[in-house]
Every structure is written in C-alpha cells, then in structure tokens.
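I have placed the structure first, in the form of structure tokens, so that the comments after it can refer back to it.
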Amino acid sequence: MAIDRDAALSWYQRNRARSRALFDMLPGDVYYQKPIDLRHPVVFYDGHLPGFSFNTLVKNGLGRPSIDARLEALFARGIDPHESQAAGDAGARNLWPPRETVRAFVAEADRQVLDAIAHAEIDQPGHPLLDRAEAAFAILEHEAMHQETLLYMWHRLPFEMKRAPAGYRPETGAAPPVQRDTHVPGGPVTLGVDAGARPFSWDNERPALTTFVTDFSIDRHNVTNAAFLEFVEAGGYRNPRLWRAKDWVWVGEHRLEHPLFWERQDGRYFWRGMFEAVLLPPGWPVYVTLAEAAAFAAWRGRRLPTEAQYQRAAYGTPGGEERRFPWGDACADESRGVFDFASWDPRPAGSTPAGASAWGVHDLVGNGWEWTRTPFAPFPGFTPIPSYPEYSADFFDGDHFVMKGASPATARELIRPTFRNWFRPRYPYVYATFRTVADA
Ligand SMILES: [Fe+2]
C-alpha cells in the first residue's frame with residue numbers, strides 16, 4: 001500500500017473537524033452570503049469539501065453509486081454567476097438547498113469517504129485514479145488547501161460576525177528586524193519532483209527539473225509594513241513609472257493608496273486582522289498583491305525573485321545538496337515558521353530564527369506566501385492529474401504567478417519544497433508577502 005490507512009483516516013477526520021470549526025465561527029445568516037465577490041457563498045464550500053471528496057474517491061475512483069446526483073453536481077461547480085445574477089440577491093438564495101439538506105448530504109458523503117479509506121481498494125496499481133492512492137491523497141490535500149481559502153474569505157467579513165477563540169490576541173511585536181541583503185552563490189536548483197519520488201504530488205509539481213541560477217542577493221527578511229510605509233509615503237501609489245501598465249490601470253480604477261490589509265483612520269494606519277484592527281504592526285510582513293510587490297521592488301531598484309531563485313534561497317546549501325526544509329530535515333513544528341494555523345494573523349518577521357535557511361534567510365516557509373515573478377506554467381513533461389485534471393491546467397494562461405512557501409493558514413501537510421501556489425497579479429485577498437532580489 002502506498003498509503004497508510006490509519007494516517008489517512010486521521011488526516012481526513014482532522015480536516016473535517018477543522019472545516020467544521022471554521023464554518024461554526026460564522027452566524028447562521030451568513031450561510032448564503034459571499035464574503036468575497038467572484039467567489040461562492042458559504043453554503044457552497046460547506047457542501048463542496050465532502051462533495052469533492054465523495055465524487056473523486058468514491059464515485060469516480062471506486063465507481064460507487066451517487067448519493068444525490070443534483071447535489072453532487074451543484075457542489076462540484078457551484079451556480080453559474082450569470083444565472084445567480086439573473087435571479088437577483090433574494091432569488092439567488094433559493095438556488096441553494098436549505099442548510100439541513102446540505103448537512104444530510106455532507107454526513108452521508110463523509111460516512112462513505114471514511115468507509116472507503118478504511119476498507120476499500122483505494123490503492124490500485126495501474127488504475128487511472130487510484131494508482132498509488134492518488135485520489136485519496138488528492139482529496140486530503142484539496143480540503144487542507146480550501147481551509148486557507150475559507151480563512152482569507154472570512155477575513156473580509158465584518159468583525160462582529162466572527163468569534164475569536166478565547167484568549168487570542170495578535171502578536172504585534174515591536175520594531176522590525178534589521179533588513180540585510182544576503183548573498184546567495186549561483187548553483188543548480190531542483191524544481192519539481194518525479195512522480196514516484198514521494199507518496200503524492202500535484203501535476204504542476206511534476207516531473208523534476210534541474211535548472212541553474214547565477215549569483216544573486218536576496219532580502220534576509222520579508223518586506224515589512226514599516227518598509228512598505230516608506231514606499232507609500234514616498235508617493236509609490238502615485239508614480240506610474242513604478243507600475244506595469246495593467247497594474248497602473250488597476251491602481252487608478254480602485255484609487256488605491258495602500259494595501260488592502262491596511263485601513264486609514266484619523267491619519268494613522270491600521271492592519272485589518274482576522275478579529276480586530278490593530279495599529280499597523282511595523283515588524284509584520286506586509287501582505288500585498290504581486291502588482292504592489294513589483295512596484296515596491298522597482299522603487300528600490302530591485303526585482304522579485306524568480307521561482308528558481310526562491311528555491312535556491314530556501315533549499316540550497318553551500319555544500320550543494322538540497323534540503324527537505326529550509327532549516328534542514330527536522331519536522332515542521334512551530335519553532336520553524338508561522339504555518340499550520342499557528343496564528344490567525346501574521347507574526348513579526350524573523351520571529352522563528354530556527355527556520356532560517358542555510359544562507360540565513362528567514363521566514364521562507366511561513367508567515368505569508370512569497371510572490372515570485374515567475375508565471376505559473378507546466379514543467380516539461382506535464383500531464384494533468386487524472387483525479388483532478390483541471391487543478392492546474394486551467395491556470396496556465398500567463399496571468400497567474402507562482403507563490404512559494406506557506407502562510408499562517410497553510411496546513412503542515414502541504415509544506416514541501418515542490419509545492420506551488422498561484423494567483424492573479426492583482427488578487428488582493430491572499431496571505432501573500434514578498435522579498436526582493438538583486439542580480440550580482
Ligand atoms: Fe475545490
């Protein structure tokens with residue numbers, strides 16, 4: 001067996017418990033609302049998570065019968081935005097089933113998925129979806145990834161709609177760490193991984209590809225709110241020369257003057273956290289779009305790293321071997337980085353020195369995804385993953401860029417050198433930060 005049934009069962013249960021806790025954070029009347037325009041209402045995600053798991057593993061993988069074909073289709077793709085718009089706000093609500101119906105479907109989907117993981121032939125060599133237990137791994141990682149999406153959507157809801165866990169306060173810290181340019185000598189870099197080399201990888205991680213980077217230097221710490229404030233105060237959002245053409249149009253259209261995570265009140269900046277607004281913590285990594293990150297880098301006469309430069313800074317070593325994690329082989333615990341739901345907000349940059357890379361670069365994994373300037377594209381030899389063929393292939397359009405690392409809301413199971421995330425350059429909601437590089 002390529003998969004440990006007990007480990008997979010407990011991961012599925014851990015996922016479900018965390019998802020349930022996230023849905024329970026919200027009052028009932030938010031269920032049919034969209035926290036973010038362009039995304040689905042909350043009800044969709046409630047049904048989508050177990051619905052996807054059921055469809056992928058039980059129905060498509062094992063060929064077992066439907067629970068409710070209409071609900072399976074609804075929770076696979078949601079409701080067409082045109083149809084929803086045509087129905088109007090009140091009408092759109094009637095396109096979705098009542099909560100009890102969703103809950104009954106979810107309970108049955110969970111029951112069947114758990115039964116499959118515990119007893120079915122979920123690892124079938126040569127089977128398009130079950131070879132090396134691919135569908136089982138895919139559903140586990142899919143739910144973990146969605147939890148981060150849920151969190152950044154919940155982030156946008158009014159504070160009074162969310163209950164903070166007892167005793168939680170953001171760790172705002174004090175002064176930012178001293179920024180330093182760190183030299184990284186050139187060398188070979190491994191991007192991606194061969195299919196058989198680890199129990200599971202997504203299609204966009206495969207196959208392994210060796211590339212070379214030349215010498216460069218990179219910020220030892222993420223760009224902090226304090227550093228970004230200098231850019232804001234220097235008129236960064238009013239200087240078209242710093243922005244790419246489309247990004248400048250976006251700045252004008254939305255009359256942007258600062259990042260989405262910042263709010264200005266009485267002449268002072270605040271950070272909009274998950275549960276409260278705090279006076280802008282100077283030492284936190286700034287969360288911005290790729291457009292804003294690139295403008296800041298241009299202002300500093302620098303650039304964003306490429307995916308390969310990030311990889312070399314994070315996993316390369318002076319001896320030439322590549323590490324499993326930036327800090328080495330030790331497991332990804334809370335001392336190494338701010339990830340795995342360790343916090344509802346960022347923590348000060350540099351607060352996990354035990355997670356620094358071989359070159360002494362901090363927070364490459366955790367405390368916010370790292371933007372790269374590399375467009376999201378397949379590695380040579382790419383083939384879509386059979387259990388979720390649209391996962392990556394739908395986004396190879398030149399308008400999505402690779403992010404690496406992890407945020408506070410990234411599950412530890414997703415932390416590996418080859419994991420790639422991607423977004424549009426002006427999508428402002430994600431927990432994404434950056435650092436800059438200079439070519440030697
Ligand atoms: Fe999904």
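In the structure tokens, chains take the letters A, B, ... in the order shown, each chain's residues start at 1, and ligands count up from 1 in the order shown.
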
Query - Contacts of Trp369 in chain A at 7 Å (only C-alpha atoms; same-chain gap of 4+ positions) as number ranges by chain - result: A: 403-407, 431-433

Sorted by chain and rising residue number, which residues of chain A lie within 7 Å of ligand 1, and what are their closest atom pairs and distances in Å to one decimal, counting only C-alpha atoms and all ligand atoms, as CSV?
```
residue,atom,partner,partner_atom_place_in_ligand_line,distance
A:His48,CA,ligand 1,1 (Fe),6.7
A:Leu49,CA,ligand 1,1 (Fe),6.8
A:Phe52,CA,ligand 1,1 (Fe),6.9
A:His142,CA,ligand 1,1 (Fe),6.3
A:His146,CA,ligand 1,1 (Fe),6.5
```

With C-alpha atoms kept, could you save the residues just selected as a short mmCIF file (atom, residue, chain, number, x, y, z; two decimals), in the first residue's frame?
```cif
data_model
loop_
_atom_site.label_atom_id
_atom_site.label_comp_id
_atom_site.auth_asym_id
_atom_site.auth_seq_id
_atom_site.Cartn_x
_atom_site.Cartn_y
_atom_site.Cartn_z
CA HIS A 48 -18.09 21.30 -1.76
CA LEU A 49 -15.46 19.87 0.60
CA PHE A 52 -15.42 16.78 -3.87
CA HIS A 142 -7.78 19.57 -1.51
CA HIS A 146 -9.56 25.08 0.87
#
```

Query raised in the report: Between A:Tyr388, A:Phe216, A:Trp96, A:Trp154, which is the closest to Leu129 in chain A once you count only C-alpha atoms?
Result: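 Nearest candidate to Leu129 in chain A out of A:Tyr388, A:Phe216, A:Trp96, A:Trp154: A:Tyr388.
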
Requested in this report: Please provide as a list of chain:residue names all residues within 10 Å of range 248-253 of chain A, with the sequence filter that same-chain residues fewer than 2 positions apart are discarded (counting only C-alpha atoms).
Outcome: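 The neighbour list is A:Tyr237, A:Arg238, A:Asn239, A:Pro240, A:Arg241, A:Leu242, A:Trp243, A:Arg244, A:Ala245, A:Lys246, A:Arg255, A:Leu256, A:Glu257, A:His258, A:Ala291, A:Glu292, A:Ala295, A:Arg426.
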
Using only N, CA and C atoms, please write the residues we just selected to a file, as a PDB file, in the first residue's frame.
```
ATOM      1  N   TYR A 237       2.257  54.963  -4.766  1.00  0.00           N
ATOM      2  CA  TYR A 237       0.980  54.697  -5.441  1.00  0.00           C
ATOM      3  C   TYR A 237       0.589  55.818  -6.405  1.00  0.00           C
ATOM      4  N   ARG A 238       1.446  56.830  -6.519  1.00  0.00           N
ATOM      5  CA  ARG A 238       1.129  57.918  -7.451  1.00  0.00           C
ATOM      6  C   ARG A 238       2.152  58.019  -8.587  1.00  0.00           C
ATOM      7  N   ASN A 239       3.079  57.053  -8.628  1.00  0.00           N
ATOM      8  CA  ASN A 239       4.170  57.137  -9.599  1.00  0.00           C
ATOM      9  C   ASN A 239       4.028  56.057 -10.678  1.00  0.00           C
ATOM     10  N   PRO A 240       3.496  56.415 -11.858  1.00  0.00           N
ATOM     11  CA  PRO A 240       3.224  55.396 -12.883  1.00  0.00           C
ATOM     12  C   PRO A 240       4.479  54.662 -13.360  1.00  0.00           C
ATOM     13  N   ARG A 241       5.633  55.276 -13.193  1.00  0.00           N
ATOM     14  CA  ARG A 241       6.852  54.631 -13.695  1.00  0.00           C
ATOM     15  C   ARG A 241       7.189  53.347 -12.933  1.00  0.00           C
ATOM     16  N   LEU A 242       6.616  53.186 -11.742  1.00  0.00           N
ATOM     17  CA  LEU A 242       6.952  52.012 -10.934  1.00  0.00           C
ATOM     18  C   LEU A 242       6.057  50.810 -11.238  1.00  0.00           C
ATOM     19  N   TRP A 243       4.990  51.040 -11.985  1.00  0.00           N
ATOM     20  CA  TRP A 243       3.966  50.002 -12.167  1.00  0.00           C
ATOM     21  C   TRP A 243       3.937  49.514 -13.597  1.00  0.00           C
ATOM     22  N   ARG A 244       3.645  48.244 -13.769  1.00  0.00           N
ATOM     23  CA  ARG A 244       3.388  47.726 -15.112  1.00  0.00           C
ATOM     24  C   ARG A 244       2.049  48.304 -15.583  1.00  0.00           C
ATOM     25  N   ALA A 245       1.885  48.378 -16.903  1.00  0.00           N
ATOM     26  CA  ALA A 245       0.741  49.119 -17.457  1.00  0.00           C
ATOM     27  C   ALA A 245      -0.592  48.665 -16.870  1.00  0.00           C
ATOM     28  N   LYS A 246      -0.845  47.373 -16.861  1.00  0.00           N
ATOM     29  CA  LYS A 246      -2.146  46.880 -16.369  1.00  0.00           C
ATOM     30  C   LYS A 246      -2.306  47.143 -14.881  1.00  0.00           C
ATOM     31  N   ARG A 255      -8.536  53.550  -7.175  1.00  0.00           N
ATOM     32  CA  ARG A 255      -7.975  54.672  -6.407  1.00  0.00           C
ATOM     33  C   ARG A 255      -7.171  54.186  -5.205  1.00  0.00           C
ATOM     34  N   LEU A 256      -6.294  53.236  -5.470  1.00  0.00           N
ATOM     35  CA  LEU A 256      -5.546  52.612  -4.375  1.00  0.00           C
ATOM     36  C   LEU A 256      -4.478  53.558  -3.841  1.00  0.00           C
ATOM     37  N   GLU A 257      -4.332  53.540  -2.541  1.00  0.00           N
ATOM     38  CA  GLU A 257      -3.293  54.345  -1.892  1.00  0.00           C
ATOM     39  C   GLU A 257      -2.462  53.529  -0.922  1.00  0.00           C
ATOM     40  N   HIS A 258      -2.878  52.293  -0.665  1.00  0.00           N
ATOM     41  CA  HIS A 258      -2.167  51.420   0.279  1.00  0.00           C
ATOM     42  C   HIS A 258      -2.716  50.005   0.109  1.00  0.00           C
ATOM     43  N   ALA A 291       1.298  42.942  -7.982  1.00  0.00           N
ATOM     44  CA  ALA A 291       1.433  44.265  -8.599  1.00  0.00           C
ATOM     45  C   ALA A 291       2.109  45.239  -7.639  1.00  0.00           C
ATOM     46  N   GLU A 292       1.645  45.234  -6.379  1.00  0.00           N
ATOM     47  CA  GLU A 292       2.219  46.150  -5.376  1.00  0.00           C
ATOM     48  C   GLU A 292       3.650  45.744  -5.017  1.00  0.00           C
ATOM     49  N   ALA A 295       5.959  46.873  -7.775  1.00  0.00           N
ATOM     50  CA  ALA A 295       6.165  48.327  -7.772  1.00  0.00           C
ATOM     51  C   ALA A 295       7.149  48.729  -6.671  1.00  0.00           C
ATOM     52  N   ARG A 426      -3.214  40.773  -9.386  1.00  0.00           N
ATOM     53  CA  ARG A 426      -3.908  41.861  -8.701  1.00  0.00           C
ATOM     54  C   ARG A 426      -5.014  41.329  -7.787  1.00  0.00           C
TER      55      ARG A 426
END
```

So that I can check the surroundings of range 222-224 of chain A, please list as a PDB file with N, CA, C and O atoms, in the first residue's frame every protein, DNA and RNA residue that reaches within 6 Å of it, counting only C-alpha atoms and ignoring chain neighbours fewer than 3 positions away.
```pdb
ATOM      1  N   ALA A 227       8.702  49.054   6.140  1.00  0.00           N
ATOM      2  CA  ALA A 227       9.411  49.323   4.878  1.00  0.00           C
ATOM      3  C   ALA A 227       8.415  49.739   3.797  1.00  0.00           C
ATOM      4  O   ALA A 227       8.680  50.651   3.007  1.00  0.00           O
ATOM      5  N   GLY A 283       6.640  45.527  12.298  1.00  0.00           N
ATOM      6  CA  GLY A 283       7.509  44.381  12.017  1.00  0.00           C
ATOM      7  C   GLY A 283       6.830  43.231  11.298  1.00  0.00           C
ATOM      8  O   GLY A 283       7.481  42.243  10.964  1.00  0.00           O
ATOM      9  N   TRP A 284       5.530  43.317  11.046  1.00  0.00           N
ATOM     10  CA  TRP A 284       4.871  42.228  10.314  1.00  0.00           C
ATOM     11  C   TRP A 284       5.244  42.291   8.839  1.00  0.00           C
ATOM     12  O   TRP A 284       5.430  43.407   8.287  1.00  0.00           O
ATOM     13  N   PRO A 285       5.314  41.131   8.189  1.00  0.00           N
ATOM     14  CA  PRO A 285       5.475  41.156   6.742  1.00  0.00           C
ATOM     15  C   PRO A 285       4.262  41.848   6.129  1.00  0.00           C
ATOM     16  O   PRO A 285       3.139  41.612   6.572  1.00  0.00           O
ATOM     17  N   VAL A 286       4.458  42.697   5.150  1.00  0.00           N
ATOM     18  CA  VAL A 286       3.320  43.335   4.503  1.00  0.00           C
ATOM     19  C   VAL A 286       2.638  42.299   3.605  1.00  0.00           C
ATOM     20  O   VAL A 286       3.311  41.447   3.025  1.00  0.00           O
ATOM     21  N   PHE A 434       6.350  39.250   0.340  1.00  0.00           N
ATOM     22  CA  PHE A 434       7.426  39.162  -0.655  1.00  0.00           C
ATOM     23  C   PHE A 434       8.737  39.634  -0.073  1.00  0.00           C
ATOM     24  O   PHE A 434       8.790  40.168   1.050  1.00  0.00           O
ATOM     25  N   ARG A 435       9.775  39.398  -0.832  1.00  0.00           N
ATOM     26  CA  ARG A 435      11.085  39.990  -0.572  1.00  0.00           C
ATOM     27  C   ARG A 435      11.671  40.296  -1.931  1.00  0.00           C
ATOM     28  O   ARG A 435      11.155  39.844  -2.954  1.00  0.00           O
TER      29      ARG A 435
END
```

Query - For CA of Phe105 in chain A and CA of Pro35 in chain A, the interatomic separation in Å (one decimal) - result: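 One can read the CA of Phe105 in chain A to CA of Pro35 in chain A distance as 23.2 Å.
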